[in-house]
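Have a look at coords19.pdb; it's PDB, C-alpha atoms, pLDDT in the B column:
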```pdb
ATOM      1  CA  MET A   9     -66.697 -14.852  66.630  1.00 47.00           C
ATOM      2  CA  GLU A  10     -65.994 -15.518  62.982  1.00 53.00           C
ATOM      3  CA  VAL A  11     -64.268 -18.796  62.126  1.00 51.00           C
ATOM      4  CA  HIS A  12     -62.032 -19.093  59.032  1.00 51.00           C
ATOM      5  CA  HIS A  13     -61.930 -22.429  57.265  1.00 49.00           C
ATOM      6  CA  HIS A  14     -58.894 -23.394  55.179  1.00 51.00           C
ATOM      7  CA  PRO A  15     -59.840 -24.443  51.676  1.00 55.00           C
ATOM      8  CA  HIS A  16     -59.466 -28.069  50.976  1.00 51.00           C
ATOM      9  CA  VAL A  17     -56.576 -28.758  48.568  1.00 50.00           C
ATOM     10  CA  GLU A  18     -56.789 -31.977  46.736  1.00 55.00           C
ATOM     11  CA  LYS A  19     -53.504 -33.860  46.747  1.00 58.00           C
ATOM     12  CA  LYS A  20     -51.889 -34.724  43.402  1.00 57.00           C
ATOM     13  CA  ASN A  21     -51.394 -38.307  42.624  1.00 62.00           C
ATOM     14  CA  PHE A  22     -48.225 -39.833  41.168  1.00 59.00           C
ATOM     15  CA  LYS A  23     -49.545 -39.691  37.636  1.00 66.00           C
ATOM     16  CA  GLU A  24     -49.982 -35.918  37.760  1.00 63.00           C
ATOM     17  CA  TYR A  25     -46.498 -35.397  39.189  1.00 57.00           C
ATOM     18  CA  PHE A  26     -45.087 -37.608  36.485  1.00 61.00           C
ATOM     19  CA  LEU A  27     -46.894 -35.687  33.729  1.00 64.00           C
ATOM     20  CA  GLU A  28     -45.573 -32.361  35.054  1.00 63.00           C
ATOM     21  CA  PHE A  29     -42.038 -33.768  35.189  1.00 64.00           C
ATOM     22  CA  LEU A  30     -42.417 -35.146  31.679  1.00 62.00           C
ATOM     23  CA  MET A  31     -43.607 -31.805  30.319  1.00 70.00           C
ATOM     24  CA  ILE A  32     -40.679 -29.942  31.917  1.00 69.00           C
ATOM     25  CA  PHE A  33     -38.239 -32.574  30.704  1.00 62.00           C
ATOM     26  CA  LEU A  34     -39.592 -32.404  27.161  1.00 63.00           C
ATOM     27  CA  ALA A  35     -39.495 -28.601  27.165  1.00 60.00           C
ATOM     28  CA  VAL A  36     -35.848 -28.567  28.286  1.00 64.00           C
ATOM     29  CA  THR A  37     -34.900 -31.343  25.854  1.00 63.00           C
ATOM     30  CA  LEU A  38     -36.607 -29.686  22.892  1.00 60.00           C
ATOM     31  CA  GLY A  39     -34.962 -26.393  23.771  1.00 61.00           C
ATOM     32  CA  PHE A  40     -31.586 -28.139  23.838  1.00 58.00           C
ATOM     33  CA  PHE A  41     -32.194 -29.780  20.455  1.00 61.00           C
ATOM     34  CA  ALA A  42     -33.482 -26.522  18.977  1.00 54.00           C
ATOM     35  CA  GLU A  43     -30.345 -24.703  20.099  1.00 56.00           C
ATOM     36  CA  ASN A  44     -28.156 -27.454  18.641  1.00 59.00           C
ATOM     37  CA  ILE A  45     -30.026 -27.328  15.323  1.00 58.00           C
ATOM     38  CA  ARG A  46     -29.747 -23.535  15.236  1.00 60.00           C
ATOM     39  CA  GLU A  47     -26.007 -23.704  15.961  1.00 58.00           C
ATOM     40  CA  HIS A  48     -25.510 -26.443  13.361  1.00 55.00           C
ATOM     41  CA  LEU A  49     -27.362 -24.418  10.716  1.00 52.00           C
ATOM     42  CA  SER A  50     -25.320 -21.362  11.597  1.00 57.00           C
ATOM     43  CA  GLU A  51     -22.055 -23.329  11.254  1.00 64.00           C
ATOM     44  CA  ASN A  52     -23.235 -24.830   7.963  1.00 68.00           C
ATOM     45  CA  ASN A  53     -23.976 -21.366   6.612  1.00 74.00           C
ATOM     46  CA  ARG A  54     -20.591 -20.107   7.787  1.00 81.00           C
ATOM     47  CA  ALA A  55     -18.820 -23.090   6.195  1.00 75.00           C
ATOM     48  CA  HIS A  56     -20.678 -22.447   2.924  1.00 83.00           C
ATOM     49  CA  ASP A  57     -19.782 -18.737   2.970  1.00 83.00           C
ATOM     50  CA  LEU A  58     -16.111 -19.567   3.542  1.00 85.00           C
ATOM     51  CA  ALA A  59     -16.182 -22.090   0.691  1.00 85.00           C
ATOM     52  CA  GLU A  60     -17.540 -19.379  -1.614  1.00 90.00           C
ATOM     53  CA  ALA A  61     -14.830 -17.014  -0.363  1.00 90.00           C
ATOM     54  CA  LEU A  62     -12.187 -19.711  -1.010  1.00 89.00           C
ATOM     55  CA  ASN A  63     -13.480 -20.131  -4.555  1.00 92.00           C
ATOM     56  CA  ASN A  64     -13.223 -16.366  -5.146  1.00 94.00           C
ATOM     57  CA  ASP A  65      -9.710 -16.307  -3.663  1.00 94.00           C
ATOM     58  CA  LEU A  66      -8.644 -19.108  -5.999  1.00 95.00           C
ATOM     59  CA  LYS A  67     -10.045 -17.228  -8.992  1.00 95.00           C
ATOM     60  CA  LYS A  68      -7.904 -14.231  -7.999  1.00 95.00           C
ATOM     61  CA  ASP A  69      -4.890 -16.500  -7.503  1.00 95.00           C
ATOM     62  CA  THR A  70      -5.432 -18.053 -10.935  1.00 96.00           C
ATOM     63  CA  ALA A  71      -5.600 -14.648 -12.632  1.00 96.00           C
ATOM     64  CA  GLN A  72      -2.393 -13.649 -10.851  1.00 95.00           C
ATOM     65  CA  LEU A  73      -0.714 -16.927 -11.840  1.00 96.00           C
ATOM     66  CA  ASN A  74      -1.651 -16.405 -15.499  1.00 97.00           C
ATOM     67  CA  PHE A  75       0.019 -12.991 -15.390  1.00 96.00           C
ATOM     68  CA  LEU A  76       3.127 -14.389 -13.666  1.00 94.00           C
ATOM     69  CA  ILE A  77       3.447 -17.260 -16.159  1.00 95.00           C
ATOM     70  CA  ASN A  78       3.352 -14.789 -19.074  1.00 96.00           C
ATOM     71  CA  PHE A  79       5.749 -12.410 -17.301  1.00 93.00           C
ATOM     72  CA  ASN A  80       8.294 -15.154 -16.594  1.00 93.00           C
ATOM     73  CA  GLN A  81       8.047 -16.570 -20.109  1.00 95.00           C
ATOM     74  CA  SER A  82       8.908 -13.087 -21.383  1.00 93.00           C
ATOM     75  CA  LYS A  83      11.783 -12.913 -18.881  1.00 92.00           C
ATOM     76  CA  LEU A  84      12.989 -16.327 -20.050  1.00 94.00           C
ATOM     77  CA  SER A  85      12.969 -15.116 -23.650  1.00 94.00           C
ATOM     78  CA  ALA A  86      14.990 -12.036 -22.626  1.00 93.00           C
ATOM     79  CA  LEU A  87      17.564 -14.218 -20.848  1.00 94.00           C
ATOM     80  CA  ASP A  88      17.887 -16.467 -23.900  1.00 95.00           C
ATOM     81  CA  SER A  89      18.362 -13.459 -26.182  1.00 94.00           C
ATOM     82  CA  LEU A  90      20.900 -11.948 -23.794  1.00 93.00           C
ATOM     83  CA  PHE A  91      22.805 -15.231 -23.650  1.00 94.00           C
ATOM     84  CA  ASP A  92      22.947 -15.400 -27.455  1.00 94.00           C
ATOM     85  CA  ILE A  93      24.099 -11.768 -27.712  1.00 93.00           C
ATOM     86  CA  SER A  94      26.899 -12.383 -25.212  1.00 92.00           C
ATOM     87  CA  PHE A  95      28.584 -14.724 -27.728  1.00 92.00           C
ATOM     88  CA  GLN A  96      28.684 -12.103 -30.491  1.00 93.00           C
ATOM     89  CA  PRO A  97      31.822 -10.063 -31.176  1.00 93.00           C
ATOM     90  CA  PHE A  98      31.708  -6.859 -29.125  1.00 91.00           C
ATOM     91  CA  ASP A  99      31.806  -4.637 -32.201  1.00 91.00           C
ATOM     92  CA  GLN A 100      28.694  -6.379 -33.609  1.00 93.00           C
ATOM     93  CA  ILE A 101      26.448  -6.272 -30.516  1.00 89.00           C
ATOM     94  CA  ASN A 102      23.325  -4.118 -30.804  1.00 90.00           C
ATOM     95  CA  GLN A 103      23.692  -1.828 -27.791  1.00 89.00           C
ATOM     96  CA  GLN A 104      19.979  -1.067 -27.594  1.00 87.00           C
ATOM     97  CA  ASP A 105      18.997  -4.755 -27.505  1.00 89.00           C
ATOM     98  CA  PHE A 106      21.802  -5.572 -25.052  1.00 90.00           C
ATOM     99  CA  TYR A 107      20.587  -3.104 -22.408  1.00 87.00           C
ATOM    100  CA  ARG A 108      16.905  -3.774 -23.100  1.00 86.00           C
ATOM    101  CA  PHE A 109      17.344  -7.494 -22.415  1.00 89.00           C
ATOM    102  CA  ILE A 110      19.378  -6.797 -19.278  1.00 87.00           C
ATOM    103  CA  GLN A 111      16.588  -4.541 -18.019  1.00 83.00           C
ATOM    104  CA  ARG A 112      13.905  -7.175 -18.720  1.00 83.00           C
ATOM    105  CA  ALA A 113      15.963  -9.964 -17.182  1.00 82.00           C
ATOM    106  CA  VAL A 114      16.530  -8.272 -13.823  1.00 78.00           C
ATOM    107  CA  HIS A 115      12.905  -7.709 -12.841  1.00 78.00           C
ATOM    108  CA  THR A 116      11.104 -10.231 -10.638  1.00 80.00           C
ATOM    109  CA  LYS A 117       7.380 -10.350  -9.846  1.00 83.00           C
ATOM    110  CA  LEU A 118       6.185 -12.066  -6.678  1.00 83.00           C
ATOM    111  CA  PHE A 119       3.134 -14.241  -6.167  1.00 87.00           C
ATOM    112  CA  SER A 120       0.878 -12.902  -3.417  1.00 87.00           C
ATOM    113  CA  PRO A 121      -1.733 -15.610  -2.717  1.00 88.00           C
ATOM    114  CA  ASN A 122      -5.079 -14.911  -1.066  1.00 90.00           C
ATOM    115  CA  ASN A 123      -4.882 -17.101   2.053  1.00 89.00           C
ATOM    116  CA  ALA A 124      -7.521 -15.662   4.403  1.00 88.00           C
ATOM    117  CA  SER A 125     -10.475 -17.958   3.622  1.00 90.00           C
ATOM    118  CA  ALA A 126      -8.430 -21.175   3.513  1.00 90.00           C
ATOM    119  CA  GLU A 127      -6.743 -20.335   6.822  1.00 90.00           C
ATOM    120  CA  GLU A 128     -10.127 -19.621   8.456  1.00 89.00           C
ATOM    121  CA  ILE A 129     -11.552 -22.924   7.206  1.00 86.00           C
ATOM    122  CA  LYS A 130      -8.591 -24.797   8.680  1.00 87.00           C
ATOM    123  CA  ARG A 131      -8.651 -22.832  11.942  1.00 87.00           C
ATOM    124  CA  ALA A 132     -12.371 -23.422  12.503  1.00 81.00           C
ATOM    125  CA  GLY A 133     -12.206 -27.086  11.429  1.00 83.00           C
ATOM    126  CA  TYR A 134     -14.838 -26.673   8.715  1.00 82.00           C
ATOM    127  CA  PHE A 135     -13.436 -29.274   6.322  1.00 82.00           C
ATOM    128  CA  HIS A 136     -15.612 -32.000   7.894  1.00 81.00           C
ATOM    129  CA  TYR A 137     -18.722 -30.007   6.927  1.00 78.00           C
ATOM    130  CA  TYR A 138     -17.897 -30.518   3.266  1.00 81.00           C
ATOM    131  CA  LYS A 139     -18.302 -34.311   3.419  1.00 81.00           C
ATOM    132  CA  THR A 140     -15.283 -35.047   1.202  1.00 82.00           C
ATOM    133  CA  ASP A 141     -11.729 -35.798   2.250  1.00 82.00           C
ATOM    134  CA  SER A 142     -10.307 -34.812  -1.131  1.00 90.00           C
ATOM    135  CA  LEU A 143     -10.885 -31.074  -0.568  1.00 88.00           C
ATOM    136  CA  ALA A 144      -8.655 -30.920   2.510  1.00 89.00           C
ATOM    137  CA  ASP A 145      -5.992 -32.933   0.683  1.00 92.00           C
ATOM    138  CA  LEU A 146      -6.069 -30.634  -2.344  1.00 93.00           C
ATOM    139  CA  VAL A 147      -5.844 -27.485  -0.198  1.00 92.00           C
ATOM    140  CA  SER A 148      -2.904 -29.016   1.678  1.00 92.00           C
ATOM    141  CA  GLN A 149      -1.112 -29.753  -1.615  1.00 92.00           C
ATOM    142  CA  TYR A 150      -1.778 -26.189  -2.810  1.00 93.00           C
ATOM    143  CA  ASP A 151      -0.374 -24.808   0.458  1.00 91.00           C
ATOM    144  CA  PHE A 152       2.769 -26.909   0.035  1.00 90.00           C
ATOM    145  CA  LEU A 153       3.377 -25.483  -3.453  1.00 90.00           C
ATOM    146  CA  LYS A 154       2.902 -21.924  -2.173  1.00 88.00           C
ATOM    147  CA  THR A 155       5.302 -22.435   0.734  1.00 84.00           C
ATOM    148  CA  ASP A 156       7.890 -24.109  -1.470  1.00 78.00           C
ATOM    149  CA  PHE A 157       7.738 -21.258  -3.980  1.00 79.00           C
ATOM    150  CA  THR A 158       7.955 -18.582  -1.263  1.00 76.00           C
ATOM    151  CA  ASN A 159      11.169 -20.080   0.105  1.00 66.00           C
ATOM    152  CA  GLU A 160      12.685 -20.404  -3.361  1.00 69.00           C
ATOM    153  CA  SER A 161      11.634 -16.918  -4.502  1.00 68.00           C
ATOM    154  CA  GLN A 162      13.422 -15.293  -1.559  1.00 63.00           C
ATOM    155  CA  LEU A 163      16.688 -16.766  -2.845  1.00 63.00           C
ATOM    156  CA  GLU A 164      15.907 -15.636  -6.384  1.00 65.00           C
ATOM    157  CA  ILE A 165      15.254 -12.065  -5.202  1.00 66.00           C
ATOM    158  CA  LYS A 166      18.548 -12.073  -3.323  1.00 62.00           C
ATOM    159  CA  ILE A 167      20.356 -13.189  -6.491  1.00 63.00           C
ATOM    160  CA  ASP A 168      18.579 -10.496  -8.514  1.00 62.00           C
ATOM    161  CA  GLN A 169      19.315  -7.707  -6.075  1.00 61.00           C
ATOM    162  CA  ASP A 170      22.745  -8.668  -4.696  1.00 66.00           C
ATOM    163  CA  GLU A 171      24.405 -10.334  -7.673  1.00 78.00           C
ATOM    164  CA  TRP A 172      22.801  -9.367 -10.949  1.00 77.00           C
ATOM    165  CA  THR A 173      23.453  -5.629 -10.674  1.00 77.00           C
ATOM    166  CA  ASP A 174      27.093  -6.168  -9.741  1.00 82.00           C
ATOM    167  CA  ILE A 175      27.674  -8.687 -12.523  1.00 85.00           C
ATOM    168  CA  ALA A 176      25.919  -6.545 -15.121  1.00 83.00           C
ATOM    169  CA  ALA A 177      28.054  -3.577 -14.060  1.00 83.00           C
ATOM    170  CA  GLU A 178      31.177  -5.505 -15.061  1.00 86.00           C
ATOM    171  CA  VAL A 179      30.114  -5.783 -18.719  1.00 87.00           C
ATOM    172  CA  THR A 180      28.275  -2.503 -19.275  1.00 84.00           C
ATOM    173  CA  ASP A 181      28.740   1.244 -19.387  1.00 84.00           C
ATOM    174  CA  PRO A 182      27.772   2.716 -15.943  1.00 82.00           C
ATOM    175  CA  ALA A 183      25.701   5.587 -17.348  1.00 80.00           C
ATOM    176  CA  SER A 184      23.772   3.323 -19.725  1.00 79.00           C
ATOM    177  CA  LEU A 185      23.211   0.720 -17.006  1.00 77.00           C
ATOM    178  CA  HIS A 186      21.841   3.389 -14.672  1.00 75.00           C
ATOM    179  CA  LYS A 187      19.315   4.426 -17.317  1.00 74.00           C
ATOM    180  CA  ALA A 188      18.288   0.821 -18.043  1.00 72.00           C
ATOM    181  CA  PHE A 189      17.896  -0.079 -14.352  1.00 70.00           C
ATOM    182  CA  ARG A 190      15.530   2.736 -13.435  1.00 66.00           C
ATOM    183  CA  PRO A 191      12.721   0.747 -11.707  1.00 58.00           C
ATOM    184  CA  TYR A 192       9.630   2.517 -13.023  1.00 59.00           C
ATOM    185  CA  ARG A 193      10.647   4.473 -16.116  1.00 64.00           C
ATOM    186  CA  PRO A 194      13.749   2.976 -17.683  1.00 62.00           C
ATOM    187  CA  ILE A 195      15.282   5.113 -20.406  1.00 67.00           C
ATOM    188  CA  LEU A 196      15.661   3.445 -23.789  1.00 70.00           C
ATOM    189  CA  ILE A 197      19.314   3.264 -24.766  1.00 76.00           C
ATOM    190  CA  PRO A 198      19.974   4.748 -28.255  1.00 77.00           C
ATOM    191  CA  TYR A 199      20.520   2.407 -31.162  1.00 77.00           C
ATOM    192  CA  LYS A 200      24.185   1.699 -31.767  1.00 85.00           C
ATOM    193  CA  ILE A 201      26.169  -1.263 -33.044  1.00 91.00           C
ATOM    194  CA  GLY A 202      29.059  -2.217 -30.802  1.00 87.00           C
ATOM    195  CA  ILE A 203      29.859  -2.094 -27.091  1.00 86.00           C
ATOM    196  CA  ALA A 204      33.144  -1.659 -25.253  1.00 88.00           C
ATOM    197  CA  PRO A 205      35.223  -4.872 -25.057  1.00 88.00           C
ATOM    198  CA  VAL A 206      34.920  -6.860 -21.822  1.00 88.00           C
ATOM    199  CA  PRO A 207      37.574  -9.161 -20.295  1.00 91.00           C
ATOM    200  CA  VAL A 208      36.893 -12.838 -20.987  1.00 91.00           C
ATOM    201  CA  GLU A 209      36.588 -13.831 -17.320  1.00 92.00           C
ATOM    202  CA  LYS A 210      33.980 -11.140 -16.678  1.00 91.00           C
ATOM    203  CA  MET A 211      31.956 -12.063 -19.754  1.00 92.00           C
ATOM    204  CA  ASN A 212      32.080 -15.737 -18.743  1.00 93.00           C
ATOM    205  CA  ARG A 213      30.820 -14.808 -15.287  1.00 92.00           C
ATOM    206  CA  PHE A 214      28.020 -12.848 -16.950  1.00 92.00           C
ATOM    207  CA  LYS A 215      27.058 -15.853 -19.096  1.00 93.00           C
ATOM    208  CA  GLY A 216      27.140 -18.167 -16.087  1.00 91.00           C
ATOM    209  CA  HIS A 217      24.812 -15.897 -14.144  1.00 90.00           C
ATOM    210  CA  ILE A 218      22.372 -15.793 -17.063  1.00 91.00           C
ATOM    211  CA  THR A 219      22.311 -19.605 -17.000  1.00 91.00           C
ATOM    212  CA  LYS A 220      21.636 -19.612 -13.246  1.00 88.00           C
ATOM    213  CA  MET A 221      18.863 -17.043 -13.568  1.00 88.00           C
ATOM    214  CA  ARG A 222      17.317 -19.057 -16.395  1.00 90.00           C
ATOM    215  CA  ALA A 223      17.103 -22.111 -14.135  1.00 89.00           C
ATOM    216  CA  TYR A 224      15.268 -20.087 -11.465  1.00 87.00           C
ATOM    217  CA  VAL A 225      12.815 -18.633 -13.979  1.00 90.00           C
ATOM    218  CA  GLU A 226      12.072 -22.077 -15.447  1.00 92.00           C
ATOM    219  CA  TYR A 227      11.435 -23.332 -11.914  1.00 88.00           C
ATOM    220  CA  ASP A 228       9.048 -20.413 -11.255  1.00 89.00           C
ATOM    221  CA  ILE A 229       7.064 -21.138 -14.411  1.00 92.00           C
ATOM    222  CA  ASP A 230       6.808 -24.828 -13.516  1.00 92.00           C
ATOM    223  CA  VAL A 231       5.558 -24.079  -9.983  1.00 91.00           C
ATOM    224  CA  PHE A 232       3.091 -21.457 -11.249  1.00 93.00           C
ATOM    225  CA  LEU A 233       1.655 -23.972 -13.705  1.00 95.00           C
ATOM    226  CA  ARG A 234       1.332 -26.623 -10.978  1.00 94.00           C
ATOM    227  CA  MET A 235      -0.320 -24.139  -8.613  1.00 95.00           C
ATOM    228  CA  LYS A 236      -2.751 -23.143 -11.345  1.00 96.00           C
ATOM    229  CA  VAL A 237      -3.669 -26.813 -11.927  1.00 96.00           C
ATOM    230  CA  LYS A 238      -4.124 -27.402  -8.189  1.00 95.00           C
ATOM    231  CA  ALA A 239      -6.262 -24.281  -7.748  1.00 95.00           C
ATOM    232  CA  THR A 240      -8.483 -25.457 -10.611  1.00 95.00           C
ATOM    233  CA  GLU A 241      -8.775 -28.920  -9.020  1.00 95.00           C
ATOM    234  CA  ILE A 242      -9.920 -27.355  -5.739  1.00 93.00           C
ATOM    235  CA  MET A 243     -12.587 -25.267  -7.476  1.00 94.00           C
ATOM    236  CA  ASP A 244     -13.764 -28.273  -9.513  1.00 93.00           C
ATOM    237  CA  CYS A 245     -13.914 -30.398  -6.340  1.00 91.00           C
ATOM    238  CA  MET A 246     -16.152 -27.834  -4.608  1.00 89.00           C
ATOM    239  CA  LYS A 247     -18.461 -27.639  -7.628  1.00 91.00           C
ATOM    240  CA  ARG A 248     -18.605 -31.418  -8.065  1.00 91.00           C
ATOM    241  CA  ASN A 249     -19.529 -31.952  -4.401  1.00 87.00           C
ATOM    242  CA  LYS A 250     -22.003 -29.047  -4.450  1.00 87.00           C
ATOM    243  CA  ILE A 251     -20.061 -27.224  -1.732  1.00 83.00           C
ATOM    244  CA  ILE A 252     -20.444 -23.956  -3.632  1.00 82.00           C
ATOM    245  CA  THR A 253     -23.151 -22.561  -5.859  1.00 80.00           C
ATOM    246  CA  GLU A 254     -22.138 -22.689  -9.504  1.00 67.00           C
TER     247      GLU A 254
END
```
Take the structure I supplied and represent it as structure tokens, if you would.
Amino acid sequence: MEVHHHPHVEKKNFKEYFLEFLMIFLAVTLGFFAENIREHLSENNRAHDLAEALNNDLKKDTAQLNFLINFNQSKLSALDSLFDISFQPFDQINQQDFYRFIQRAVHTKLFSPNNASAEEIKRAGYFHYYKTDSLADLVSQYDFLKTDFTNESQLEIKIDQDEWTDIAAEVTDPASLHKAFRPYRPILIPYKIGIAPVPVEKMNRFKGHITKMRAYVEYDIDVFLRMKVKATEIMDCMKRNKIITE
């Protein structure tokens, strides 16, 4: 009868158990640190990409602000010219200039900021990756200016749409006003010296509205200039702190 002998297994001592535990522990720990480093690098790259996107958004905002500043300065000039004309005797007013300035004064252009990158940076809490408190402060100040302007511009649009047309209708010829107020292709009113007389109270109301509109346009220009300065400060801050690639 054949007899089977169990192989002799040498028992591990404490030192061997400890070494195995240490190896497993180190493997798990290194894996944990590697994952953390990978995640940190990924977040750093994402923060950098969003900073570059913010810089590009601010460049677009600045170009738009330059256009709006020029547009509103032209509108301000039209309002000033219209105000001066309104003091002339009716039989000496240049009809063509009168309607041209009314047409230029009524139009309003809105600022449409590029907010996506800044909102994502705030939502994801990436400002702490940039290692400077000033960037978050500057973006916050820029946001305040944008919000303040948005609220004010809604009132200005309401005045333009609900009041200006009605007031202008009181001092103008309906057919000529219709031609001048065409939104995309206004018709140039023929040259002629003299317009129909207007009652004093209506002309005074017209002058008062010009003054009110002028105040709104001056405010717009001031806010646009301040936004432009703040946008430039944000871009300079990111370059100075090497947050973006120049």
Nearest to A:Glu60, chosen from A:Thr155, A:Gln81, A:Thr253, A:Ser94, with all atoms listed in the file counted in the distances: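 Comparing A:Thr155, A:Gln81, A:Thr253, A:Ser94 against A:Glu60, the winner is A:Thr253.
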Proximity to A:Ile229 - best of A:Asn123, A:Asn102, A:Asn74, A:Ser142, only C-alpha atoms: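 Of A:Asn123, A:Asn102, A:Asn74, A:Ser142, the one nearest A:Ile229 is A:Asn74, counting only C-alpha atoms.
The residue that comes closest to A:Phe75, out of A:Leu118, A:Tyr134, A:Val225, A:Ile93 and on the basis of all atoms listed in the file, is A:Leu118.
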Spatial neighbours of stretch 70-73 of chain A, 10 Å, only C-alpha atoms, chain gap at least 6 places, as a list in words: Asn64, Phe79, Leu118, Phe119, Ser120, Pro121, Ile229, Val231, Phe232, Leu233, Arg234, Met235, Lys236, Val237, Lys238, Ala239 and Thr240 of chain A
9 Å contact set for A:Arg222, all atoms listed in the file, chain neighbours under 4 positions out, as a PyMOL selection string: chain A and resi 83-84+87-88+217-218+226-227
